[in-house]
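Reading through the structure tokens given below for one structure.
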Amino acid sequence: MRRISKVVGERGIVTSCRAVVLPRFGGPEVLEFRPNVEVPDLKPNEVLVRARAVSINPLDTRMRAGYGRSLFEPLLPLILGRDISGEVAALGASVQSLSVGQEVFGALHPTAVRGTYADYAILSEDELAPKPVAVTHVEASAIPFAALTAWRALKSTARISEGQRLLVIGGGGAVGFAAIQLSVAVGCHVTTTCGSQSIDRLLAAGAEQALDYTAEDLELTIKGKFDAVLDTIGGPDTERLGINFLKRGGHYMTLQGEAASLTDRYGLAVGLPLATAGLLKKQIQYRCSHGIEYWWTYMRADSEGLNEIRNLSEAGKLKIPVEKTFPITQVREAHEAKDKRYIPGKVVLELD
């Protein structure tokens, strides 16, 4: 691939490319595979990436169905997708850490409008890192969004450290599985809940206790108290469970914050203040009643975190198994398979 000079506004080698476009909210049938979608000019801190593999996250299928409508509907049509693995095709003028032709992986912020379901995607420099050499593009594309979501909760919010105890509610999903591996790498003692089909995999990843939530009374079988709880499921039952197993001073973190649902229901002007007030109320309530910290947690770009995730992946200490791949031209079939739970594990779209 020929080198592209660093020029502000440089598009790189393409002005349009194939992409999957979401023109309206709905089922998998609304997704449109278009042959010529504009590739915008690069800003100084941005990188044009030739995609080789992009993974499907739960956020993608939820957004397609209308989650975040209050934010995204005025911006339609959108391109879905957060994770990516591929090669650098062009660089913005201020990018210093990457080079054209280099293999990279990374993830966009949850609110990005032009996602990664395209031959060429645009990410900022801090959203990318060199791809782990030891893994394929398909394997690499499954890692960043889930691992960075777990990283933000565990490292940025709870600040976990060696010897602490962590409870992961819902360890069988990608975020939960990443959280277990990140915590084990730090030296934490991890207990997790999951379905029966995930127990062996989670124990092999380093969890000391993996409990089948469908067959056991978790309040009786979970032993001791924890320094942090990551709840990937959300809801009153798992929240109560997590809160009651926390030590004083511990952190409860849930992926199921109410900001998007409330703004979808009431609009940004009313919903966002309601969500903020609701979060503050719970934080005060649990601080007073249990002496713990309560948080909604979301993925956010973190250059340091992504590089540490890369190092752990390179060392074989962090992986997200991929259950099935589809060519990107079959994106509707891939989304339908996820919607109908035909494929419980990670699905990746490949680009030729």
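The way I read the labels, and the way they are meant: chains A, B, ... in the order of the structure tokens, residue 1 as the first residue of every chain, and ligand 1 as the first ligand shown, with later ones counted on from there.
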
Which segment 89-174 of chain A residues have any atom within 6 Å of an atom of segment 312-330 of chain A, and for each, what is the nearest pair of atoms with distance in Å to one decimal, counting only C-alpha atoms, rows sorted by chain and number, as CSV?
```
residue,atom,partner,partner_atom,distance
A:Pro132,CA,A:Glu314,CA,5.2
A:Ala134,CA,A:Glu314,CA,5.7
A:Ile143,CA,A:Ile320,CA,5.8
```

Query raised in the report: Which residues in segment 58-192 of chain A does DSSP call strand (DSSP E or B)? List them as a ChimeraX atom specification.
Result: /A:78-79,83-91,103-107,114,118,120-124,128-130,165-169,189-192

Report task. Using only C-alpha atoms, determine which residues lie at most 12 Å from Leu166 of chain A, disregarding the query and same-chain residues fewer than 5 positions distant; provide the list as number ranges by chain. Result -> A: 153-154, 158-161, 171, 176, 179-184, 186-193, 207-209, 222-231, 242, 245-247, 250-253

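If you measure from each of A:Ala53, A:Leu167, A:Met63, A:Val113 to Phe25 of chain A using only C-alpha atoms, the closest one turns out to be A:Met63.
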
**Report entry** DSSP alpha helix (DSSP H) selection over segment 74-226 of chain A, as an MDAnalysis selection string
**Finding:** chainID A and resid 137:141 144:151 174:186 199:204 218:221

Query raised in the report: Do you know which residues are at most 12 Å from segment 335-339 of chain A counting only C-alpha atoms, after dropping those on the same chain fewer than 6 positions away, and could you put them as a ChimeraX atom specification?
Result: /A:20,26-31,55-65,80-81,323-326,328-329,345-349

So that I have them on file, write out the residues from the current selection with N, CA and C atoms, as a PDB file, in the first residue's frame.
```
ATOM      1  N   VAL A  20     -22.482  -0.673   5.280  1.00  0.00           N
ATOM      2  CA  VAL A  20     -23.829  -1.050   5.707  1.00  0.00           C
ATOM      3  C   VAL A  20     -24.471   0.168   6.355  1.00  0.00           C
ATOM      4  N   GLY A  26     -35.457  -0.495  13.027  1.00  0.00           N
ATOM      5  CA  GLY A  26     -36.302  -1.653  12.770  1.00  0.00           C
ATOM      6  C   GLY A  26     -35.542  -2.944  12.925  1.00  0.00           C
ATOM      7  N   GLY A  27     -36.022  -4.002  12.255  1.00  0.00           N
ATOM      8  CA  GLY A  27     -35.395  -5.316  12.301  1.00  0.00           C
ATOM      9  C   GLY A  27     -34.209  -5.399  11.374  1.00  0.00           C
ATOM     10  N   PRO A  28     -33.580  -6.561  11.261  1.00  0.00           N
ATOM     11  CA  PRO A  28     -32.417  -6.725  10.388  1.00  0.00           C
ATOM     12  C   PRO A  28     -32.669  -6.328   8.940  1.00  0.00           C
ATOM     13  N   GLU A  29     -33.935  -6.418   8.499  1.00  0.00           N
ATOM     14  CA  GLU A  29     -34.250  -6.119   7.100  1.00  0.00           C
ATOM     15  C   GLU A  29     -34.042  -4.656   6.724  1.00  0.00           C
ATOM     16  N   VAL A  30     -33.928  -3.758   7.712  1.00  0.00           N
ATOM     17  CA  VAL A  30     -33.740  -2.336   7.373  1.00  0.00           C
ATOM     18  C   VAL A  30     -32.293  -2.030   6.993  1.00  0.00           C
ATOM     19  N   LEU A  31     -31.353  -2.917   7.320  1.00  0.00           N
ATOM     20  CA  LEU A  31     -29.946  -2.685   7.008  1.00  0.00           C
ATOM     21  C   LEU A  31     -29.734  -2.740   5.496  1.00  0.00           C
ATOM     22  N   SER A  55     -16.675  -6.643  14.600  1.00  0.00           N
ATOM     23  CA  SER A  55     -17.545  -7.535  15.371  1.00  0.00           C
ATOM     24  C   SER A  55     -18.890  -6.880  15.639  1.00  0.00           C
ATOM     25  N   ILE A  56     -19.879  -7.732  15.886  1.00  0.00           N
ATOM     26  CA  ILE A  56     -21.229  -7.262  16.228  1.00  0.00           C
ATOM     27  C   ILE A  56     -21.354  -7.251  17.746  1.00  0.00           C
ATOM     28  N   ASN A  57     -21.672  -6.090  18.286  1.00  0.00           N
ATOM     29  CA  ASN A  57     -21.902  -5.938  19.718  1.00  0.00           C
ATOM     30  C   ASN A  57     -23.392  -5.807  19.999  1.00  0.00           C
ATOM     31  N   PRO A  58     -23.838  -6.132  21.227  1.00  0.00           N
ATOM     32  CA  PRO A  58     -25.251  -5.923  21.566  1.00  0.00           C
ATOM     33  C   PRO A  58     -25.715  -4.495  21.304  1.00  0.00           C
ATOM     34  N   LEU A  59     -24.820  -3.522  21.463  1.00  0.00           N
ATOM     35  CA  LEU A  59     -25.190  -2.137  21.187  1.00  0.00           C
ATOM     36  C   LEU A  59     -25.622  -1.959  19.735  1.00  0.00           C
ATOM     37  N   ASP A  60     -25.001  -2.688  18.802  1.00  0.00           N
ATOM     38  CA  ASP A  60     -25.344  -2.555  17.387  1.00  0.00           C
ATOM     39  C   ASP A  60     -26.788  -2.983  17.129  1.00  0.00           C
ATOM     40  N   THR A  61     -27.163  -4.151  17.641  1.00  0.00           N
ATOM     41  CA  THR A  61     -28.518  -4.644  17.393  1.00  0.00           C
ATOM     42  C   THR A  61     -29.551  -3.795  18.132  1.00  0.00           C
ATOM     43  N   ARG A  62     -29.199  -3.294  19.304  1.00  0.00           N
ATOM     44  CA  ARG A  62     -30.126  -2.423  20.046  1.00  0.00           C
ATOM     45  C   ARG A  62     -30.299  -1.079  19.348  1.00  0.00           C
ATOM     46  N   MET A  63     -29.212  -0.509  18.855  1.00  0.00           N
ATOM     47  CA  MET A  63     -29.324   0.748  18.116  1.00  0.00           C
ATOM     48  C   MET A  63     -30.151   0.578  16.850  1.00  0.00           C
ATOM     49  N   ARG A  64     -29.926  -0.522  16.151  1.00  0.00           N
ATOM     50  CA  ARG A  64     -30.694  -0.786  14.933  1.00  0.00           C
ATOM     51  C   ARG A  64     -32.193  -0.808  15.231  1.00  0.00           C
ATOM     52  N   ALA A  65     -32.551  -1.353  16.408  1.00  0.00           N
ATOM     53  CA  ALA A  65     -33.958  -1.484  16.788  1.00  0.00           C
ATOM     54  C   ALA A  65     -34.534  -0.208  17.383  1.00  0.00           C
ATOM     55  N   LEU A  80     -23.600   1.485  11.523  1.00  0.00           N
ATOM     56  CA  LEU A  80     -23.404   0.819  12.801  1.00  0.00           C
ATOM     57  C   LEU A  80     -21.976   0.291  12.919  1.00  0.00           C
ATOM     58  N   GLY A  81     -21.654  -0.242  14.099  1.00  0.00           N
ATOM     59  CA  GLY A  81     -20.357  -0.880  14.307  1.00  0.00           C
ATOM     60  C   GLY A  81     -19.443  -0.071  15.197  1.00  0.00           C
ATOM     61  N   GLU A 323     -17.617 -17.108  17.803  1.00  0.00           N
ATOM     62  CA  GLU A 323     -18.380 -18.316  17.505  1.00  0.00           C
ATOM     63  C   GLU A 323     -18.650 -18.489  16.013  1.00  0.00           C
ATOM     64  N   LYS A 324     -18.880 -17.377  15.292  1.00  0.00           N
ATOM     65  CA  LYS A 324     -19.205 -17.506  13.869  1.00  0.00           C
ATOM     66  C   LYS A 324     -18.838 -16.219  13.142  1.00  0.00           C
ATOM     67  N   THR A 325     -18.447 -16.359  11.886  1.00  0.00           N
ATOM     68  CA  THR A 325     -18.185 -15.199  11.030  1.00  0.00           C
ATOM     69  C   THR A 325     -19.150 -15.209   9.849  1.00  0.00           C
ATOM     70  N   PHE A 326     -19.450 -14.004   9.352  1.00  0.00           N
ATOM     71  CA  PHE A 326     -20.249 -13.811   8.147  1.00  0.00           C
ATOM     72  C   PHE A 326     -19.508 -12.825   7.249  1.00  0.00           C
ATOM     73  N   ILE A 328     -19.512  -9.448   5.202  1.00  0.00           N
ATOM     74  CA  ILE A 328     -20.290  -8.259   5.539  1.00  0.00           C
ATOM     75  C   ILE A 328     -21.524  -8.113   4.652  1.00  0.00           C
ATOM     76  N   THR A 329     -21.501  -8.710   3.477  1.00  0.00           N
ATOM     77  CA  THR A 329     -22.674  -8.685   2.605  1.00  0.00           C
ATOM     78  C   THR A 329     -23.854  -9.443   3.211  1.00  0.00           C
ATOM     79  N   GLY A 345     -22.698 -16.748  21.151  1.00  0.00           N
ATOM     80  CA  GLY A 345     -21.363 -16.169  21.274  1.00  0.00           C
ATOM     81  C   GLY A 345     -21.127 -15.019  20.311  1.00  0.00           C
ATOM     82  N   LYS A 346     -19.876 -14.619  20.216  1.00  0.00           N
ATOM     83  CA  LYS A 346     -19.477 -13.455  19.426  1.00  0.00           C
ATOM     84  C   LYS A 346     -19.560 -13.740  17.930  1.00  0.00           C
ATOM     85  N   VAL A 347     -20.116 -12.783  17.199  1.00  0.00           N
ATOM     86  CA  VAL A 347     -20.220 -12.865  15.738  1.00  0.00           C
ATOM     87  C   VAL A 347     -19.373 -11.732  15.128  1.00  0.00           C
ATOM     88  N   VAL A 348     -18.637 -12.093  14.080  1.00  0.00           N
ATOM     89  CA  VAL A 348     -17.766 -11.121  13.411  1.00  0.00           C
ATOM     90  C   VAL A 348     -18.109 -11.064  11.930  1.00  0.00           C
ATOM     91  N   LEU A 349     -18.106  -9.852  11.367  1.00  0.00           N
ATOM     92  CA  LEU A 349     -18.290  -9.632   9.935  1.00  0.00           C
ATOM     93  C   LEU A 349     -16.924  -9.481   9.297  1.00  0.00           C
TER      94      LEU A 349
END
```

Query raised in the report: For Pro40 of chain A, which residue among A:His109, A:Arg114, A:Arg52, A:Arg201 is the nearest when counting only C-alpha atoms?
Result: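 Comparing A:His109, A:Arg114, A:Arg52, A:Arg201 against Pro40 of chain A, the winner is A:Arg114.
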
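When atom CA of Leu42 of chain A is paired with atom CA of Ala90 of chain A, their separation reads 8.5 Å.
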
Requested in this report: For atom CA of Ser141 of chain A and atom CA of Leu76 of chain A, determine how far apart the two atoms are, in Å to one decimal place.
Outcome: 25.1 Å

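Coordinates place atom CA of Ala146 of chain A at a distance of 26.3 Å from atom CA of Val39 of chain A.
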
Query raised in the report: With only C-alpha atoms as the atoms that count, which of A:Val54, A:Ile169, A:Leu71, A:Leu220 lies nearest to Gly195 of chain A?
Result: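 Between A:Val54, A:Ile169, A:Leu71, A:Leu220, the residue approaching Gly195 of chain A most closely is A:Ile169.
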
Report task. Give the answer as one residue: which of A:Ser70, A:Ser289, A:Thr136, A:Thr157 has the shortest atom-to-atom distance to Asp264 of chain A, using only C-alpha atoms? Result ->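 Nearest to Asp264 of chain A: A:Ser70.
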
Report as a CSV table (one decimal) with C-alpha atoms, in the first residue's frame all protein, DNA and RNA residues lying within 9 Å of Pro77 of chain A, evaluated on only C-alpha atoms, omitting residues in the same chain fewer than 3 positions from it.
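The resulting file, part-v4.csv, is reproduced below:
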```csv
chain,number,residue,atom,x,y,z
A,21,VAL,CA,-26.2,1.8,6.2
A,22,LEU,CA,-29.1,2.1,8.7
A,23,PRO,CA,-31.7,4.5,7.1
A,24,ARG,CA,-34.4,3.9,9.7
A,72,PHE,CA,-29.6,9.1,16.7
A,73,GLU,CA,-32.9,9.7,14.9
A,74,PRO,CA,-32.0,13.2,13.8
A,113,VAL,CA,-22.5,8.1,14.0
```

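Residue nearest Tyr120 of chain A, chosen from A:Glu87, A:Glu139, A:Asp200, A:Glu103 and counting only C-alpha atoms: A:Glu87.
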